[in-house]
file input24.cif (mmCIF, C-alpha atoms and all ligand atoms)
data_entry
#
loop_
_atom_site.label_atom_id
_atom_site.label_comp_id
_atom_site.auth_asym_id
_atom_site.auth_seq_id
_atom_site.Cartn_x
_atom_site.Cartn_y
_atom_site.Cartn_z
CA MET V 168 0.00 0.00 0.00
CA PRO V 169 1.50 3.39 -1.01
CA ARG V 170 1.91 5.61 2.06
CA THR V 171 -0.24 8.71 2.39
CA ASP V 172 2.70 11.15 2.51
CA VAL V 173 4.27 9.49 -0.54
CA MET V 174 1.02 9.78 -2.45
CA LEU V 175 0.55 13.42 -1.44
CA ASN V 176 3.99 14.09 -2.97
CA ASP V 177 2.90 12.75 -6.36
CA PRO V 178 3.37 15.87 -8.55
CA ARG V 179 -0.23 15.77 -9.79
CA LEU V 180 -1.67 15.43 -6.27
CA ALA V 181 0.73 18.08 -5.00
CA ALA V 182 -0.55 20.45 -7.70
CA ALA V 183 -4.13 19.66 -6.72
CA GLN V 184 -3.40 20.71 -3.14
CA LYS V 185 -2.71 24.23 -4.42
CA THR V 186 -6.24 24.57 -5.84
CA LEU V 187 -8.25 22.30 -3.51
CA GLY V 188 -6.32 22.42 -0.24
CA ARG V 189 -4.60 19.57 1.57
CA ASP V 190 -7.65 18.16 3.38
CA LEU V 191 -9.70 17.42 0.25
CA VAL V 192 -6.74 15.83 -1.53
CA LYS V 193 -5.94 13.76 1.54
CA ALA V 194 -9.54 12.55 1.72
CA ALA V 195 -9.29 11.38 -1.91
CA VAL V 196 -6.00 9.63 -1.12
CA VAL V 197 -7.58 7.81 1.84
CA SER V 198 -10.53 6.68 -0.33
CA ALA V 199 -8.14 5.46 -3.02
CA GLN V 200 -6.13 3.47 -0.43
CA GLN V 201 -9.39 1.96 0.78
CA GLN V 202 -10.20 0.77 -2.75
CA VAL V 203 -6.75 -0.79 -3.05
CA ARG V 204 -7.14 -2.47 0.35
CA GLU V 205 -10.49 -3.92 -0.66
CA GLY V 206 -8.94 -5.33 -3.80
CA PHE V 207 -10.80 -3.08 -6.28
CA ALA V 208 -7.58 -1.54 -7.57
CA ASP V 209 -3.91 -2.15 -8.03
CA PRO V 210 -1.50 -0.42 -5.58
CA ASP V 211 0.37 1.10 -8.57
CA GLY V 212 -2.83 2.82 -9.69
CA ALA V 213 -3.63 4.37 -6.28
CA ALA V 214 -2.54 7.89 -7.27
CA ASP V 215 -4.59 7.73 -10.48
CA ILE V 216 -7.64 6.71 -8.48
CA ALA V 217 -7.10 9.51 -5.97
CA LEU V 218 -6.86 11.97 -8.88
CA ALA V 219 -10.13 10.67 -10.33
CA LEU V 220 -11.80 11.04 -6.92
CA LEU V 221 -10.82 14.71 -6.51
CA PRO V 222 -13.75 17.13 -6.55
CA ALA V 223 -13.79 19.71 -9.37
CA THR V 224 -13.72 22.56 -6.85
CA ALA V 225 -13.39 23.01 -3.12
CA GLY V 226 -16.93 24.38 -3.09
CA GLY V 227 -18.95 21.24 -2.48
CA LEU V 228 -21.58 22.00 -5.12
CA LYS V 229 -21.31 20.10 -8.39
CA SER V 230 -22.19 21.44 -11.79
CA VAL V 231 -24.90 19.21 -13.35
CA VAL V 232 -26.58 18.87 -16.74
CA ASN V 233 -30.28 19.66 -16.36
CA ALA V 234 -32.06 17.30 -18.75
CA THR V 235 -35.27 17.27 -16.69
CA GLY V 236 -37.13 19.59 -19.05
CA VAL V 237 -37.84 21.90 -16.09
CA LEU V 238 -36.27 25.27 -16.88
CA VAL V 239 -36.26 26.71 -13.37
CA HIS V 240 -35.66 23.64 -11.20
CA THR V 241 -35.39 24.59 -7.53
CA ASN V 242 -33.49 21.40 -6.62
CA LEU V 243 -30.98 22.19 -9.37
CA GLY V 244 -30.34 25.79 -8.31
CA ARG V 245 -33.10 27.51 -10.32
CA ALA V 246 -31.79 29.80 -13.08
CA PRO V 247 -28.29 29.14 -14.46
CA LEU V 248 -26.26 32.34 -14.73
CA SER V 249 -25.30 33.70 -18.14
CA PRO V 250 -21.60 33.69 -19.06
CA ALA V 251 -21.75 37.49 -18.68
CA ALA V 252 -23.03 37.12 -15.11
CA VAL V 253 -20.38 34.52 -14.29
CA ALA V 254 -17.68 36.88 -15.60
CA ALA V 255 -19.14 39.72 -13.50
CA VAL V 256 -19.10 37.49 -10.39
CA THR V 257 -15.46 36.61 -11.01
CA ALA V 258 -14.55 40.27 -11.46
CA ALA V 259 -16.33 41.23 -8.23
CA ALA V 260 -14.96 38.34 -6.20
CA GLY V 261 -11.84 40.08 -4.94
CA TYR V 262 -11.59 43.63 -3.66
CA THR V 263 -14.11 45.66 -5.58
CA ASP V 264 -15.58 49.17 -5.68
CA VAL V 265 -18.94 47.96 -4.33
CA GLU V 266 -19.16 50.88 -1.86
CA PHE V 267 -16.40 53.09 -3.16
CA ASP V 268 -16.33 56.01 -5.59
CA LEU V 269 -13.08 55.68 -7.50
CA ALA V 270 -13.22 59.24 -8.88
CA GLY V 271 -13.81 60.96 -5.56
CA GLY V 272 -11.94 58.44 -3.42
CA GLN V 273 -14.86 58.25 -1.01
CA ARG V 274 -17.59 55.95 0.20
CA ALA V 275 -20.41 55.47 -2.33
CA PRO V 276 -23.87 53.91 -2.02
CA ARG V 277 -23.77 50.12 -2.20
CA GLY V 278 -25.34 48.59 -5.30
CA ARG V 279 -25.81 51.95 -7.03
CA THR V 280 -25.11 50.60 -10.53
CA VAL V 281 -27.35 47.54 -10.26
CA LEU V 282 -30.19 49.64 -8.87
CA ALA V 283 -29.74 52.01 -11.81
CA ALA V 284 -29.88 49.04 -14.20
CA LEU V 285 -33.08 47.77 -12.58
CA ALA V 286 -34.66 51.24 -12.64
CA GLN V 287 -33.74 51.54 -16.31
CA ALA V 288 -35.22 48.12 -17.07
CA VAL V 289 -38.51 49.07 -15.37
CA PRO V 290 -39.05 52.83 -15.82
CA GLU V 291 -42.61 52.33 -14.51
CA ALA V 292 -41.08 52.05 -11.00
CA GLN V 293 -40.30 55.29 -9.17
CA ALA V 294 -37.73 53.48 -7.02
CA VAL V 295 -36.17 50.05 -6.66
CA HIS V 296 -34.39 48.00 -4.02
CA VAL V 297 -32.78 44.55 -3.94
CA VAL V 298 -32.74 42.08 -1.04
CA ASN V 299 -31.75 38.45 -0.51
CA ASN V 300 -34.79 36.81 -2.13
CA ASN V 301 -38.48 37.32 -2.70
CA ALA V 302 -39.27 35.94 0.76
CA ALA V 303 -37.01 38.64 2.23
CA ALA V 304 -38.76 41.27 0.10
CA LEU V 305 -42.11 40.19 1.55
CA VAL V 306 -40.74 40.14 5.11
CA LEU V 307 -39.36 43.64 4.69
CA ALA V 308 -42.60 44.98 3.21
CA ALA V 309 -44.69 43.34 5.96
CA THR V 310 -42.40 44.55 8.76
CA VAL V 311 -42.21 48.11 7.56
CA LEU V 312 -45.73 48.62 6.24
CA ALA V 313 -47.92 46.30 8.32
CA ARG V 314 -46.31 45.49 11.67
CA GLY V 315 -49.07 45.46 14.31
CA LYS V 316 -51.57 45.96 11.52
CA GLU V 317 -53.39 43.78 9.01
CA ILE V 318 -52.47 42.49 5.58
CA VAL V 319 -55.60 41.92 3.56
CA ILE V 320 -55.28 38.85 1.33
CA SER V 321 -57.64 36.58 -0.62
CA ARG V 322 -58.15 33.02 0.62
CA GLY V 323 -57.36 31.90 -2.92
CA GLU V 324 -53.83 33.30 -2.60
CA LEU V 325 -52.61 31.71 0.66
CA VAL V 326 -49.74 30.02 -1.14
CA GLU V 327 -47.26 27.35 -0.12
CA ILE V 328 -44.28 27.76 -2.45
CA GLY V 329 -42.42 24.51 -1.77
CA ASP V 330 -40.43 22.69 0.89
CA GLY V 331 -43.04 23.75 3.46
CA PHE V 332 -42.51 27.47 2.83
CA ARG V 333 -45.88 29.20 3.28
CA VAL V 334 -46.34 32.85 2.42
CA PRO V 335 -49.01 33.39 5.16
CA GLU V 336 -46.75 31.98 7.90
CA LEU V 337 -43.84 34.06 6.67
CA LEU V 338 -45.94 37.22 6.84
CA GLU V 339 -47.32 36.43 10.30
CA SER V 340 -43.79 35.84 11.59
CA THR V 341 -43.16 39.57 11.19
CA GLY V 342 -45.85 40.50 13.73
CA CYS V 343 -48.64 41.47 11.39
CA ARG V 344 -52.07 39.87 11.19
CA LEU V 345 -53.55 38.37 8.06
CA ARG V 346 -57.05 39.42 7.23
CA GLU V 347 -58.27 36.68 4.92
CA VAL V 348 -61.06 37.62 2.55
CA GLY V 349 -63.30 35.79 0.08
CA THR V 350 -63.27 32.04 -0.46
CA THR V 351 -60.77 29.66 -2.03
CA ASN V 352 -62.27 30.00 -5.49
CA ARG V 353 -64.00 33.38 -5.44
CA THR V 354 -63.08 36.75 -4.01
CA ALA V 355 -64.88 39.99 -4.91
CA LEU V 356 -63.89 43.64 -4.67
CA ARG V 357 -66.43 44.20 -1.90
CA ASP V 358 -64.73 41.46 0.19
CA TYR V 359 -61.56 43.53 0.15
CA ARG V 360 -63.47 46.79 0.66
CA ASN V 361 -65.30 45.46 3.72
CA ALA V 362 -62.04 44.29 5.26
CA CYS V 363 -60.05 47.47 4.73
CA GLY V 364 -59.97 50.16 7.40
CA GLN V 365 -57.86 51.85 10.05
CA ASP V 366 -55.98 48.66 10.78
CA THR V 367 -54.97 47.87 7.21
CA GLY V 368 -51.24 47.92 6.51
CA PHE V 369 -51.59 46.94 2.87
CA ILE V 370 -53.52 44.75 0.48
CA LEU V 371 -51.43 41.84 -0.79
CA LYS V 372 -51.96 40.21 -4.18
CA VAL V 373 -49.95 36.99 -4.46
CA HIS V 374 -49.49 35.30 -7.82
CA PRO V 375 -50.35 31.61 -7.28
CA SER V 376 -47.25 30.55 -9.15
CA ASN V 377 -47.43 26.78 -8.72
CA TYR V 378 -51.15 26.01 -8.95
CA ARG V 379 -54.27 27.13 -10.78
CA ILE V 380 -57.83 27.51 -9.62
CA GLU V 381 -60.16 26.65 -12.48
CA GLY V 382 -63.90 26.58 -12.98
CA PHE V 383 -66.24 28.80 -10.94
CA THR V 384 -63.63 31.37 -9.98
CA ARG V 385 -63.24 35.08 -9.50
CA GLU V 386 -60.33 37.23 -8.47
CA VAL V 387 -59.91 40.96 -8.17
CA SER V 388 -57.49 42.78 -10.45
CA ILE V 389 -54.76 45.11 -9.25
CA GLU V 390 -56.59 47.99 -10.99
CA GLU V 391 -59.66 47.36 -8.85
CA LEU V 392 -57.67 46.88 -5.63
CA ALA V 393 -55.89 50.18 -6.28
CA THR V 394 -59.24 52.01 -6.03
CA ILE V 395 -59.78 51.00 -2.38
CA GLY V 396 -57.16 53.17 -0.67
CA PRO V 397 -54.46 51.22 1.22
CA PRO V 398 -51.21 50.44 -0.61
CA VAL V 399 -51.39 47.42 -2.93
CA VAL V 400 -48.37 45.11 -2.81
CA ALA V 401 -48.14 42.58 -5.66
CA ASP V 402 -45.97 39.48 -5.24
CA ILE V 403 -45.55 38.46 -8.88
CA GLY V 404 -43.17 35.61 -8.09
CA SER V 405 -41.32 34.78 -11.27
CA GLY V 406 -39.51 38.06 -11.88
CA LEU V 407 -40.61 38.87 -15.42
CA LEU V 408 -39.96 42.59 -15.78
CA ARG V 409 -42.05 43.01 -18.92
CA PRO V 410 -44.75 40.85 -20.57
CA GLU V 411 -43.45 37.60 -22.06
CA PRO V 412 -45.49 36.69 -25.16
CA LEU V 413 -44.89 32.96 -24.63
CA LEU V 414 -46.34 33.16 -21.10
CA PRO V 415 -49.40 35.40 -21.46
CA ASP V 416 -50.81 34.51 -18.02
CA GLU V 417 -47.58 35.21 -16.15
CA PRO V 418 -47.61 38.60 -14.37
CA ASP V 419 -44.78 41.08 -14.92
CA ALA V 420 -43.48 44.01 -12.91
CA ALA V 421 -44.08 46.78 -15.46
CA THR V 422 -47.71 45.79 -16.03
CA ALA V 423 -48.44 45.38 -12.30
CA LEU V 424 -47.09 48.90 -11.67
CA LEU V 425 -49.06 50.38 -14.57
CA GLN V 426 -52.18 48.71 -13.16
CA GLY V 427 -51.63 50.59 -9.92
CA ALA V 428 -49.55 48.35 -7.65
CA ASP V 429 -47.70 50.52 -5.12
CA LEU V 430 -45.01 47.90 -4.61
CA VAL V 431 -44.03 44.80 -6.60
CA THR V 432 -41.92 41.96 -5.21
CA ALA V 433 -40.25 39.26 -7.32
CA SER V 434 -37.46 36.68 -7.39
CA GLY V 435 -34.20 37.18 -9.28
CA ASP V 436 -33.50 33.52 -10.03
CA LYS V 437 -36.70 32.41 -11.73
CA LEU V 438 -37.78 33.75 -15.13
CA LEU V 439 -35.52 36.79 -14.83
CA GLY V 440 -32.69 34.28 -15.16
CA GLY V 441 -30.30 35.80 -12.63
CA PRO V 442 -28.94 35.10 -9.16
CA GLN V 443 -31.05 34.51 -6.05
CA ALA V 444 -32.36 37.94 -5.14
CA GLY V 445 -35.56 39.70 -4.14
CA LEU V 446 -36.61 42.67 -6.26
CA LEU V 447 -38.70 45.49 -4.79
CA LEU V 448 -40.08 48.03 -7.26
CA GLY V 449 -42.57 50.80 -6.73
CA ARG V 450 -43.45 54.05 -5.03
CA GLU V 451 -40.53 56.24 -4.02
CA ASP V 452 -41.76 56.91 -0.46
CA LEU V 453 -42.47 53.23 0.26
CA VAL V 454 -39.16 52.00 -1.14
CA ALA V 455 -37.32 54.69 0.85
CA ARG V 456 -38.97 53.46 4.07
CA LEU V 457 -38.02 49.88 3.29
CA ARG V 458 -34.44 50.81 2.50
CA ARG V 459 -34.02 52.81 5.71
CA HIS V 460 -35.45 50.16 8.07
CA PRO V 461 -32.84 48.37 10.24
CA LEU V 462 -34.02 44.99 8.93
CA ALA V 463 -32.89 45.99 5.42
CA ARG V 464 -29.29 45.54 6.59
CA ALA V 465 -29.96 41.93 7.56
CA LEU V 466 -31.52 41.21 4.17
CA ARG V 467 -28.96 42.94 1.98
CA VAL V 468 -27.22 41.08 -0.84
CA ASP V 469 -23.53 40.54 -1.26
CA LYS V 470 -21.27 41.89 -3.99
CA LEU V 471 -21.42 38.65 -6.00
CA THR V 472 -25.20 38.86 -6.24
CA LEU V 473 -25.08 42.54 -7.15
CA ALA V 474 -22.60 41.80 -9.94
CA ALA V 475 -24.55 38.82 -11.31
CA LEU V 476 -27.87 40.66 -11.18
CA GLU V 477 -26.53 43.70 -13.01
CA ALA V 478 -24.94 41.55 -15.73
CA THR V 479 -28.26 39.70 -16.09
CA LEU V 480 -30.09 43.00 -16.52
CA ARG V 481 -27.58 44.70 -18.80
CA GLY V 482 -25.87 41.79 -20.57
CA PRO V 483 -27.05 39.27 -23.16
CA ARG V 484 -30.27 37.33 -22.53
CA PRO V 485 -29.68 34.68 -19.87
CA PRO V 486 -29.95 30.90 -20.46
CA VAL V 487 -33.52 30.68 -19.09
CA HIS V 488 -34.65 33.03 -21.85
CA ARG V 489 -32.82 31.00 -24.49
CA SER V 490 -34.36 27.74 -23.18
CA LEU V 491 -37.84 29.25 -23.12
CA HIS V 492 -37.53 30.49 -26.70
CA ALA V 493 -35.69 27.53 -28.27
CA SER V 494 -37.67 26.29 -31.30
CA VAL V 495 -39.08 22.78 -31.18
CA ALA V 496 -37.65 22.12 -34.65
CA GLU V 497 -34.16 22.91 -33.40
CA LEU V 498 -34.63 20.78 -30.26
CA ARG V 499 -35.93 17.89 -32.36
CA GLU V 500 -32.94 18.14 -34.65
CA ARG V 501 -30.57 18.03 -31.67
CA ALA V 502 -32.43 15.02 -30.23
CA GLU V 503 -32.26 13.17 -33.55
CA ARG V 504 -28.55 13.91 -33.91
CA LEU V 505 -27.95 12.54 -30.40
CA ALA V 506 -30.05 9.43 -31.07
CA ARG V 507 -28.14 8.73 -34.32
CA ARG V 508 -24.86 9.18 -32.51
CA LEU V 509 -25.93 6.66 -29.84
CA GLY V 510 -27.10 4.08 -32.37
CA GLY V 511 -29.86 1.77 -31.19
CA HIS V 512 -29.44 2.73 -27.53
CA ALA V 513 -31.40 5.97 -27.57
CA GLU V 514 -34.55 7.08 -29.31
CA ALA V 515 -35.45 10.68 -30.16
CA VAL V 516 -38.80 11.44 -28.53
CA PRO V 517 -41.18 14.40 -28.34
CA THR V 518 -41.52 15.70 -24.76
CA ILE V 519 -43.26 18.37 -22.73
CA ALA V 520 -41.02 20.78 -20.85
CA ARG V 521 -42.14 23.15 -18.09
CA VAL V 522 -41.10 26.47 -16.64
CA GLY V 523 -41.14 25.05 -13.07
CA GLY V 524 -39.78 26.55 -9.89
CA GLY V 525 -42.92 28.55 -9.30
CA GLY V 526 -43.84 29.89 -12.68
CA ALA V 527 -46.49 29.39 -15.34
CA PRO V 528 -47.98 26.25 -13.71
CA GLY V 529 -50.24 25.19 -16.57
CA VAL V 530 -47.89 25.97 -19.42
CA GLU V 531 -46.62 23.05 -21.49
CA LEU V 532 -43.59 23.83 -23.63
CA PRO V 533 -43.33 21.39 -26.54
CA SER V 534 -39.83 19.97 -26.51
CA ALA V 535 -37.67 17.04 -27.57
CA GLY V 536 -35.16 14.69 -26.05
CA ILE V 537 -33.85 11.17 -26.08
CA ALA V 538 -35.21 8.13 -24.23
CA VAL V 539 -32.75 5.57 -22.89
CA ASP V 540 -32.96 2.53 -20.65
CA GLU V 541 -34.35 3.43 -17.22
CA SER V 542 -31.56 1.48 -15.53
CA LEU V 543 -29.05 4.13 -16.62
CA ALA V 544 -30.59 6.82 -14.41
CA LEU V 545 -28.45 6.30 -11.31
CA ARG V 546 -25.24 5.86 -13.30
CA LEU V 547 -25.94 9.04 -15.28
CA ARG V 548 -26.45 10.89 -12.01
CA SER V 549 -23.09 9.52 -10.82
CA TYR V 550 -21.31 10.55 -14.03
CA ASP V 551 -18.98 13.56 -14.03
CA PRO V 552 -20.75 15.89 -14.67
CA PRO V 553 -23.99 14.32 -13.40
CA VAL V 554 -26.76 14.17 -16.03
CA ILE V 555 -30.26 14.46 -14.54
CA GLY V 556 -33.28 13.32 -16.54
CA ARG V 557 -36.76 12.15 -15.64
CA ILE V 558 -38.38 8.74 -15.72
CA THR V 559 -41.40 8.50 -18.03
CA ASP V 560 -43.24 5.27 -18.92
CA GLY V 561 -40.39 3.07 -17.72
CA ARG V 562 -37.72 4.94 -19.67
CA LEU V 563 -35.29 7.67 -18.75
CA VAL V 564 -36.01 10.76 -20.84
CA LEU V 565 -33.30 13.39 -21.29
CA ASP V 566 -35.10 16.57 -22.35
CA LEU V 567 -32.97 19.07 -24.27
CA ARG V 568 -34.90 22.31 -23.68
CA ALA V 569 -32.92 23.33 -20.59
CA VAL V 570 -29.67 21.86 -21.91
CA GLU V 571 -27.14 24.25 -23.45
CA PRO V 572 -26.58 23.17 -27.08
CA GLY V 573 -22.87 22.85 -26.23
CA GLN V 574 -23.73 20.22 -23.60
CA ASP V 575 -25.21 17.71 -26.09
CA GLU V 576 -21.75 16.25 -26.50
CA ILE V 577 -21.54 15.68 -22.71
CA ILE V 578 -24.86 13.81 -22.80
CA ALA V 579 -23.67 11.62 -25.68
CA ALA V 580 -20.41 10.82 -23.91
CA ALA V 581 -22.21 10.16 -20.62
CA VAL V 582 -24.75 7.73 -22.12
CA GLU V 583 -22.03 5.99 -24.10
CA HIS V 584 -19.87 5.65 -21.01
CA VAL V 585 -22.49 4.35 -18.56
CA ARG V 586 -24.05 2.03 -21.16
CA THR V 587 -20.80 0.28 -22.00
CA ARG V 588 -20.12 -0.16 -18.29
CA ALA V 589 -23.61 -1.57 -17.63
C1 LIG A 1 -40.99 31.73 -5.65
C2 LIG A 1 -41.98 32.61 -5.00
C3 LIG A 1 -41.72 33.18 -3.75
C4 LIG A 1 -40.44 32.93 -3.02
O1 LIG A 1 -39.39 33.54 -3.69
P1 LIG A 1 -37.86 33.30 -3.22
O2 LIG A 1 -37.09 34.18 -4.14
O3 LIG A 1 -37.59 31.85 -3.41
O4 LIG A 1 -37.77 33.71 -1.79
C5 LIG A 1 -42.68 34.00 -3.20
N1 LIG A 1 -43.85 34.24 -3.83
C6 LIG A 1 -44.14 33.71 -5.04
C7 LIG A 1 -45.45 34.02 -5.68
C8 LIG A 1 -43.22 32.88 -5.67
O5 LIG A 1 -43.50 32.35 -6.87
#
call {"tool": "encode", "arguments": {"input": "input24.cif", "output": "structure tokens"}}
result
Amino acid sequence: MPRTDVMLNDPRLAAAQKTLGRDLVKAAVVSAQQQVREGFADPDGAADIALALLPATAGGLKSVVNATGVLVHTNLGRAPLSPAAVAAVTAAAGYTDVEFDLAGGQRAPRGRTVLAALAQAVPEAQAVHVVNNNAAALVLAATVLARGKEIVISRGELVEIGDGFRVPELLESTGCRLREVGTTNRTALRDYRNACGQDTGFILKVHPSNYRIEGFTREVSIEELATIGPPVVADIGSGLLRPEPLLPDEPDAATALLQGADLVTASGDKLLGGPQAGLLLGREDLVARLRRHPLARALRVDKLTLAALEATLRGPRPPVHRSLHASVAELRERAERLARRLGGHAEAVPTIARVGGGGAPGVELPSAGIAVDESLALRLRSYDPPVIGRITDGRLVLDLRAVEPGQDEIIAAAVEHVRTRA
């Protein structure tokens, strides 16, 4: 058995210690020795095995290929950043002028350029602010505008987003009371009117982003709510800044503001296609109160988020936009090319992709992919990089809509590799 210190001195493993640190390399060495001890490998190959076991980065998170057909997949990190956003993150990672005016040599407001980019993207907003995520945006709005008061909300909009996260519980945790109005399927303007009074902090309109109520239904528009009196806060969820023709039922910030919302909250890492962030857009006086509240400091975003968000707003369209707009013909062509390349072991199939992650719940995006033997699923997830598909009718389907065209080659190599090792 090669000794640990001897293995750590292997030039390749020594080099790896410079990028990964000694502990991670040592852990790989110990695992490799274990494999040799158990007879799975030859002692001469121990260093090669340790090298193969090294993680790609010291960060713990692995880059994966999203072939699930779900564009904004919460378990897979929601929106992938654009190359422009990744470059901006890298540039901001060291010392940066995040709160420094280089011309004057003095302190400058944090996030000033990203806030300018957001304001420019949504001129309908008098003022804008950015916090950690949409949940933080709601907490800040509730704390500042409704603490000790009531938030009036329809019973049809008491949403659980996922992983047990419930908007009503989040709001109540700030010390405000919810005044539920209407019924699950129908709420009328007079329900809101009757509930509003001295005690009202604001009226909240929540976009039910992951379910639909169909049939005998009625909801009240932002325009109508704006006639009652108290501020109207609209949680639009997905973060579309302007209408998206492919998703006509998905609310957007500009339209909500034009309809009379006083404040709009949204996520940065859903359909906007950027980093995790919470966007607040709306009336100058309200945004100023939010920004000045002590809680705002606890919810503020770091320089990496600011950089990624600004590059998403100012740079080229992010991957989520490309995936949403990819033509079925092009996806089908890619699927057929992959299937040909893999011979009889994969079949090009039509699929249905989804926005996911809290967005456009009913929308089916026609798509294409390849179907392979279901038994390959675990091995594809264990491949480097892991390829994640979904099981349909006893086969593993790899949907190409959320896959970068440049990653098709990875999928081909992965299927080839795990199939021949089956
Ligand atoms: C996703 C979503 C949230 C939560 O947003 P985060 O950015 O994950 O905190 C809140 N409200 C709605 C309507 C959503 O769709």
call {"tool": "residues_near_ligand", "arguments": {"input": "input24.cif", "ligand": "ligand LIG 1 (chain A)", "cutoff": "7 Å", "atoms": "all atoms listed in the file", "output": "PDB file with C-alpha atoms, keeping the file's coordinate frame"}}
result
ATOM      1  CA  ASN V 300     -34.790  36.810  -2.130  1.00  0.00           C
ATOM      2  CA  ASN V 301     -38.480  37.320  -2.700  1.00  0.00           C
ATOM      3  CA  ALA V 302     -39.270  35.940   0.760  1.00  0.00           C
ATOM      4  CA  ALA V 303     -37.010  38.640   2.230  1.00  0.00           C
ATOM      5  CA  ILE V 328     -44.280  27.760  -2.450  1.00  0.00           C
ATOM      6  CA  VAL V 334     -46.340  32.850   2.420  1.00  0.00           C
ATOM      7  CA  VAL V 373     -49.950  36.990  -4.460  1.00  0.00           C
ATOM      8  CA  HIS V 374     -49.490  35.300  -7.820  1.00  0.00           C
ATOM      9  CA  PRO V 375     -50.350  31.610  -7.280  1.00  0.00           C
ATOM     10  CA  SER V 376     -47.250  30.550  -9.150  1.00  0.00           C
ATOM     11  CA  ASP V 402     -45.970  39.480  -5.240  1.00  0.00           C
ATOM     12  CA  ILE V 403     -45.550  38.460  -8.880  1.00  0.00           C
ATOM     13  CA  GLY V 404     -43.170  35.610  -8.090  1.00  0.00           C
ATOM     14  CA  SER V 405     -41.320  34.780 -11.270  1.00  0.00           C
ATOM     15  CA  ALA V 433     -40.250  39.260  -7.320  1.00  0.00           C
ATOM     16  CA  SER V 434     -37.460  36.680  -7.390  1.00  0.00           C
ATOM     17  CA  GLY V 435     -34.200  37.180  -9.280  1.00  0.00           C
ATOM     18  CA  ASP V 436     -33.500  33.520 -10.030  1.00  0.00           C
ATOM     19  CA  GLN V 443     -31.050  34.510  -6.050  1.00  0.00           C
ATOM     20  CA  ALA V 444     -32.360  37.940  -5.140  1.00  0.00           C
ATOM     21  CA  GLY V 445     -35.560  39.700  -4.140  1.00  0.00           C
ATOM     22  CA  GLY V 524     -39.780  26.550  -9.890  1.00  0.00           C
ATOM     23  CA  GLY V 525     -42.920  28.550  -9.300  1.00  0.00           C
ATOM     24  CA  GLY V 526     -43.840  29.890 -12.680  1.00  0.00           C
TER      25      GLY V 526
END
call {"tool": "closest_residue", "arguments": {"input": "input24.cif", "among": "V:Ala362, V:Ala520, V:Ile370, V:Ile537", "to": "Ala393 (chain V)", "atoms": "all atoms listed in the file"}}
result
V:Ile370
call {"tool": "atom_distance", "arguments": {"input": "input24.cif", "atom1": "CA of Pro210 (chain V)", "atom2": "CA of Asp177 (chain V)"}}
result
13.9 Å
call {"tool": "atom_distance", "arguments": {"input": "input24.cif", "atom1": "CA of Pro247 (chain V)", "atom2": "CA of Val192 (chain V)"}}
result
28.4 Å
call {"tool": "closest_residue", "arguments": {"input": "input24.cif", "among": "V:Arg279, V:Arg521, V:Arg548, V:His296", "to": "Arg459 (chain V)", "atoms": "all atoms listed in the file"}}
result
V:His296
call {"tool": "atom_distance", "arguments": {"input": "input24.cif", "atom1": "CA of Gln201 (chain V)", "atom2": "CA of Met168 (chain V)"}}
result
9.6 Å
call {"tool": "closest_residue", "arguments": {"input": "input24.cif", "among": "V:Ala284, V:Pro398, V:Tyr359, V:Asp330", "to": "Thr241 (chain V)", "atoms": "only C-alpha atoms"}}
result
V:Asp330
call {"tool": "residues_around", "arguments": {"input": "input24.cif", "residues": "Ala544 (chain V)", "least_positions_apart": "4", "cutoff": "12 Å", "atoms": "all atoms listed in the file", "output": "PyMOL selection string"}}
result
chain V and resi 234-235+538-540+548-550+553-559+561-565+581-582+585-586+589
call {"tool": "closest_residue", "arguments": {"input": "input24.cif", "among": "V:Leu408, V:Ala195, V:Ala421, V:Ala246", "to": "Lys437 (chain V)", "atoms": "only C-alpha atoms"}}
result
V:Ala246
call {"tool": "closest_residue", "arguments": {"input": "input24.cif", "among": "V:Ala217, V:Leu413, V:Ala308, V:Leu282", "to": "Ala199 (chain V)", "atoms": "all atoms listed in the file"}}
result
V:Ala217
call {"tool": "residues_around", "arguments": {"input": "input24.cif", "residues": "Ala183 (chain V)", "least_positions_apart": "4", "cutoff": "9 Å", "atoms": "only C-alpha atoms", "output": "VMD selection string"}}
result
chain V and resid 178 to 179 187 to 189 192 218 221
call {"tool": "residues_near_point", "arguments": {"input": "input24.cif", "point": "(-45.8, 56.3, -3.2)", "cutoff": "10 Å", "atoms": "only C-alpha atoms", "output": "count of residues only"}}
result
13
call {"tool": "residues_around", "arguments": {"input": "input24.cif", "residues": "Leu337 (chain V)", "least_positions_apart": "2", "cutoff": "12 Å", "atoms": "all atoms listed in the file", "output": "VMD selection string"}}
result
chain V and resid 301 to 310 325 to 328 331 to 335 339 to 345
call {"tool": "closest_atom_pairs", "arguments": {"input": "input24.cif", "of": "region 227-324 of chain V", "to": "region 487-497 of chain V", "cutoff": "10 Å", "atoms": "only C-alpha atoms", "output": "JSON lines"}}
result
{"residue": "V:Gly236", "atom": "CA", "partner": "V:Ser490", "partner_atom": "CA", "distance": 9.5}
{"residue": "V:Val237", "atom": "CA", "partner": "V:Ser490", "partner_atom": "CA", "distance": 9.8}
{"residue": "V:Leu238", "atom": "CA", "partner": "V:Val487", "partner_atom": "CA", "distance": 6.5}
{"residue": "V:Val239", "atom": "CA", "partner": "V:Val487", "partner_atom": "CA", "distance": 7.5}
{"residue": "V:Arg245", "atom": "CA", "partner": "V:Val487", "partner_atom": "CA", "distance": 9.3}
{"residue": "V:Ala246", "atom": "CA", "partner": "V:Val487", "partner_atom": "CA", "distance": 6.3}
{"residue": "V:Pro247", "atom": "CA", "partner": "V:Val487", "partner_atom": "CA", "distance": 7.2}
{"residue": "V:Leu248", "atom": "CA", "partner": "V:Val487", "partner_atom": "CA", "distance": 8.6}
{"residue": "V:Ser249", "atom": "CA", "partner": "V:Val487", "partner_atom": "CA", "distance": 8.8}
